[in-house]
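Some notes on the structure that comes next.
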Protein chains: 2
Amino acid sequence: MFHEFTRETNMITKESIEVAHERIKPYIHHTPVLTSQSLNDIAGCEVYFKCENFQKVGAFKARGAMNAVLSLSQGERANGIATHSSGNHAQAIARAGKIMGIKAYIVMPRTAPAIKKQGVLGYGGEVFECEPTLAARESTLAEVIKKTGAIEIHPFNNYKVMEGQATAAKELLEEVGHLDFVLAPVGGGGLLSGTALAAKYFSPSTRVIAGEPALADDTFRSLQSGSIQPASSPTSIADGLLTSLGDKTFPIIRDNVKEVITVTDEEIVAAMRLIWERLKIIIEPSCAVPFAALLKDKVKFQNKKVGIILTGGNVDLNKIAKLFQ
Amino acid sequence: MFHEFTRETNMITKESIEVAHERIKPYIHHTPVLTSQSLNDIAGCEVYFKCENFQKVGAFKARGAMNAVLSLSQGERANGIATHSSGNHAQAIARAGKIMGIKAYIVMPRTAPAIKKQGVLGYGGEVFECEPTLAARESTLAEVIKKTGAIEIHPFNNYKVMEGQATAAKELLEEVGHLDFVLAPVGGGGLLSGTALAAKYFSPSTRVIAGEPALADDTFRSLQSGSIQPASSPTSIADGLLTSLGDKTFPIIRDNVKEVITVTDEEIVAAMRLIWERLKIIIEPSCAVPFAALLKDKVKFQNKKVGIILTGGNVDLNKIAKLFQ
């Protein structure tokens, strides 16, 4: 088991992240890094926000999806690509399919925001709705793959996906220079494991910390117990972070992320509101989790330089507006 | 009268705008220009959004205020600066006062958004509330000036303010190159006259068009009649555009802006929503007026290159959220 793990994580190297970055560059935005004096004053530290809400499809998921699909052989992708996703990965895979001229089959929970479903359809993806449980998503996807012969691109438990997500933190570190901390949210752990590996390879003294909704704290519990603890019916407003770690993301996170800060939904909404009001940008609730974590544990970050990956900006305004009243 | 007018508009020259730009550069952001493929598809043209919502104080008003205050002699500013404003100019003057180390006295209608009042106080400005009418604003300001000896910096009817606002369009034209059109909103006309002069001097073939709320269409009526037609109790959601043209802004607009497109409040909210969702940025209702105008009169702009000055991003989320439900 130990050997298996060592061999597998070694698949993502400094060089492989560099190659992935070159591979996807023509298809992704180099997103801006924003700062705000008033948010720095509130946080008590220097915060550098890597704005993946401005990324293609409105989220960092464009990176991992593009890297995974570009890495397939022509034979592997001949029958198309398939995935299950609550939203942003779905759009990212649909877009990758469109760019590569292949079919994209997307299994989405029927509760996924309308704007995300519309996004998939807009890229020519085919949507299969299912119940909002991991079991339903997996069984529906298995049927779709059996029927079509498409190849699965898992939203996070896939080394090529993680490698692609790593390029967001790589860009942030290259642009800002040394950072004491980088904070990322954690759902299935694709972004977090990529971020942790990017820091390890490109800025070893940078500490990577995860922010997680208290209502979906499977990563917090998994790191405490030393084994994957699945989330049971998580319900957080941070709807992009309800999935549990996978067997490929967990070991990387266990070995490279020493701390998970959990935050309540109220703290998530308050942090989101601050970012909307002060940075003047639209971010998803999931996306506000790391900044909420920073504000919750301010002393740790006092006077430090902190990078935050803002993961996405696809919101259902009708739904989100209710949070601000 | 004709001579008076000629002499006065000649106060703003190509060179004076260039000097103003150098004067204010240390104190303002060079704001980004954003584009969106999906908004281009919707609009049927190439749209370049100049994002003054990311400007200092969250609005282009930082430019004009800074230019006006920096242009005062030491004697003129000895007793401080004063103005009346429904919001963004207020914060801009308060900030300019803080930077220059002088007192700033701000008369604000009691109906101004809370976030804008807080902004003024945050910069150390002193707020005097009054009834939300032009008469009340002017009489309260006169009292404040009488008591303090402060010098008035009018929100728009001031050549140094217009000159400062002109630098937003200057930056846009410098960055994007040739534009067929530049659209700006019009309230009192400070931004619009500055934008029109910037186009005249730096890109003579660019046509400047104004967007105006139908519920506050004094500029539309003024250009039709050939004389200033004040707005009577305007009530548009675009609360930054309720003021009427001044005797200094009107002649410049009359001579350099050939068209005003008016839009309903429903069209303003729809345009604002599109920008929030697609550009992932927060803009004020007033700020969405030019894009609403473009969408209303699409044929005119078909396949053209169109610049839009997005003027500000200071919103009261509690209030604005209701629009999206």
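Chain labels follow the order of the structure tokens: the first chain is A, the next B, and so on; residue numbering restarts at 1 in every chain, and ligands are counted from 1 in their shown order.
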| request: Excluding His29 in chain A and residues on its chain fewer than 4 positions from it, collect all residues at most 9 Å away from it, counting only C-alpha atoms, and give them as a VMD selection string. | output: chain A and resid 25 52 54 to 56
Would you mind exporting the chosen residues as a PDB file, in the first residue's frame, restricted to C-alpha atoms?
```pdb
ATOM      1  CA  LYS A  25      -2.059  27.881 -21.633  1.00  0.00           C
ATOM      2  CA  GLU A  52     -10.250  32.131 -10.901  1.00  0.00           C
ATOM      3  CA  PHE A  54     -12.551  35.246 -14.120  1.00  0.00           C
ATOM      4  CA  GLN A  55     -11.280  31.932 -15.535  1.00  0.00           C
ATOM      5  CA  LYS A  56     -12.864  30.327 -18.603  1.00  0.00           C
TER       6      LYS A  56
END
```
| request: Tell me, as a ChimeraX atom specification, which residues lie within 10 Å of Gly119 in chain A, counting only C-alpha atoms; anything in the same chain fewer than 2 positions away does not count. | output: /A:57-58,87-88,90-92,94-95,114-117,121-125,314
Save out the residues we just selected, N, CA and C atoms, as a compact mmCIF listing (two decimals), in the first residue's frame.
```
# COMPACT_ATOMS: atom_id res chain seq x y z
N VAL A 57 -15.08 29.42 -18.26
CA VAL A 57 -16.23 28.78 -17.59
C VAL A 57 -16.45 29.32 -16.17
N GLY A 58 -15.75 30.39 -15.79
CA GLY A 58 -16.00 31.02 -14.50
C GLY A 58 -15.43 30.28 -13.31
N GLY A 87 -21.42 21.09 -10.99
CA GLY A 87 -21.51 22.34 -11.71
C GLY A 87 -20.32 22.79 -12.54
N ASN A 88 -19.28 23.31 -11.89
CA ASN A 88 -18.21 23.95 -12.66
C ASN A 88 -17.37 22.97 -13.48
N ALA A 90 -18.47 20.31 -14.68
CA ALA A 90 -19.37 19.93 -15.78
C ALA A 90 -19.17 20.87 -16.97
N GLN A 91 -19.20 22.18 -16.69
CA GLN A 91 -19.01 23.15 -17.77
C GLN A 91 -17.61 23.03 -18.36
N ALA A 92 -16.64 22.79 -17.49
CA ALA A 92 -15.25 22.70 -17.95
C ALA A 92 -15.07 21.52 -18.90
N ALA A 94 -17.54 20.07 -20.65
CA ALA A 94 -18.31 20.36 -21.86
C ALA A 94 -17.50 21.27 -22.79
N ARG A 95 -16.84 22.27 -22.19
CA ARG A 95 -16.03 23.19 -23.00
C ARG A 95 -14.83 22.46 -23.62
N ALA A 114 -29.24 26.35 -11.97
CA ALA A 114 -29.69 26.43 -13.37
C ALA A 114 -28.60 27.02 -14.27
N ILE A 115 -27.90 28.02 -13.77
CA ILE A 115 -26.90 28.70 -14.60
C ILE A 115 -25.79 27.72 -15.02
N LYS A 116 -25.50 26.74 -14.15
CA LYS A 116 -24.45 25.78 -14.47
C LYS A 116 -24.93 24.77 -15.52
N LYS A 117 -26.18 24.36 -15.41
CA LYS A 117 -26.74 23.47 -16.44
C LYS A 117 -26.77 24.18 -17.79
N LEU A 121 -25.02 23.09 -21.49
CA LEU A 121 -25.76 23.00 -22.75
C LEU A 121 -25.21 24.00 -23.77
N GLY A 122 -24.81 25.16 -23.29
CA GLY A 122 -24.25 26.18 -24.17
C GLY A 122 -22.98 25.71 -24.87
N TYR A 123 -22.22 24.84 -24.21
CA TYR A 123 -21.00 24.30 -24.83
C TYR A 123 -21.30 23.03 -25.63
N GLY A 124 -22.56 22.70 -25.78
CA GLY A 124 -22.91 21.52 -26.57
C GLY A 124 -22.81 20.21 -25.82
N GLY A 125 -22.69 20.28 -24.49
CA GLY A 125 -22.62 19.05 -23.70
C GLY A 125 -24.00 18.42 -23.57
N ASN A 314 -19.68 31.46 -10.56
CA ASN A 314 -20.96 31.12 -11.18
C ASN A 314 -22.05 31.04 -10.13
```
| Could you pull the residues within 10 Å of Thr13 in chain B, counting only C-alpha atoms, minus those fewer than 2 positions along the same chain, as a list in words? | Thr9, Asn10, Met11, Glu15, Ser16, Ile17, Glu18, Val19, Glu163, Leu197, Ala198, Lys200 and Tyr201 of chain B
Hey, which bits of range 173-227 of chain B sit within 8 Å of range 254-257 of chain B, and for each residue what's the closest pair of atoms and how far apart in Å (one decimal), counting only C-alpha atoms, rows by chain and increasing number, as a tab-separated table?
```
residue	atom	partner	partner_atom	distance
B:Ser193	CA	B:Asn256	CA	7.9
B:Ala196	CA	B:Asn256	CA	5.8
B:Leu197	CA	B:Asn256	CA	7.4
B:Lys200	CA	B:Asn256	CA	7.7
B:Arg207	CA	B:Val257	CA	7.7
B:Val208	CA	B:Val257	CA	5.7
B:Ile209	CA	B:Val257	CA	6.0
B:Ala210	CA	B:Val257	CA	7.3
B:Leu223	CA	B:Arg254	CA	6.1
B:Gly226	CA	B:Arg254	CA	7.7
```
| Given a cut-off of 9 Å, which residues of chain A touch chain B, counting only C-alpha atoms, written out as a ChimeraX atom specification? | /A:53-54,58,273,276-283,313-325
| A:Thr167, A:Thr243, A:Ser71, A:Ser85: which is nearest Val127 in chain A, counting only C-alpha atoms? | A:Ser85
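Across A:Gln165, A:Asn157, A:Gln302, A:Thr35, the tightest approach to Thr249 in chain A is made by A:Asn157 when counting only C-alpha atoms.
When only C-alpha atoms are used to compute distances to Ile153 in chain A, the closest of the residues A:Pro113, A:Gly307, A:Gly44, A:Gly97 turns out to be A:Gly97.
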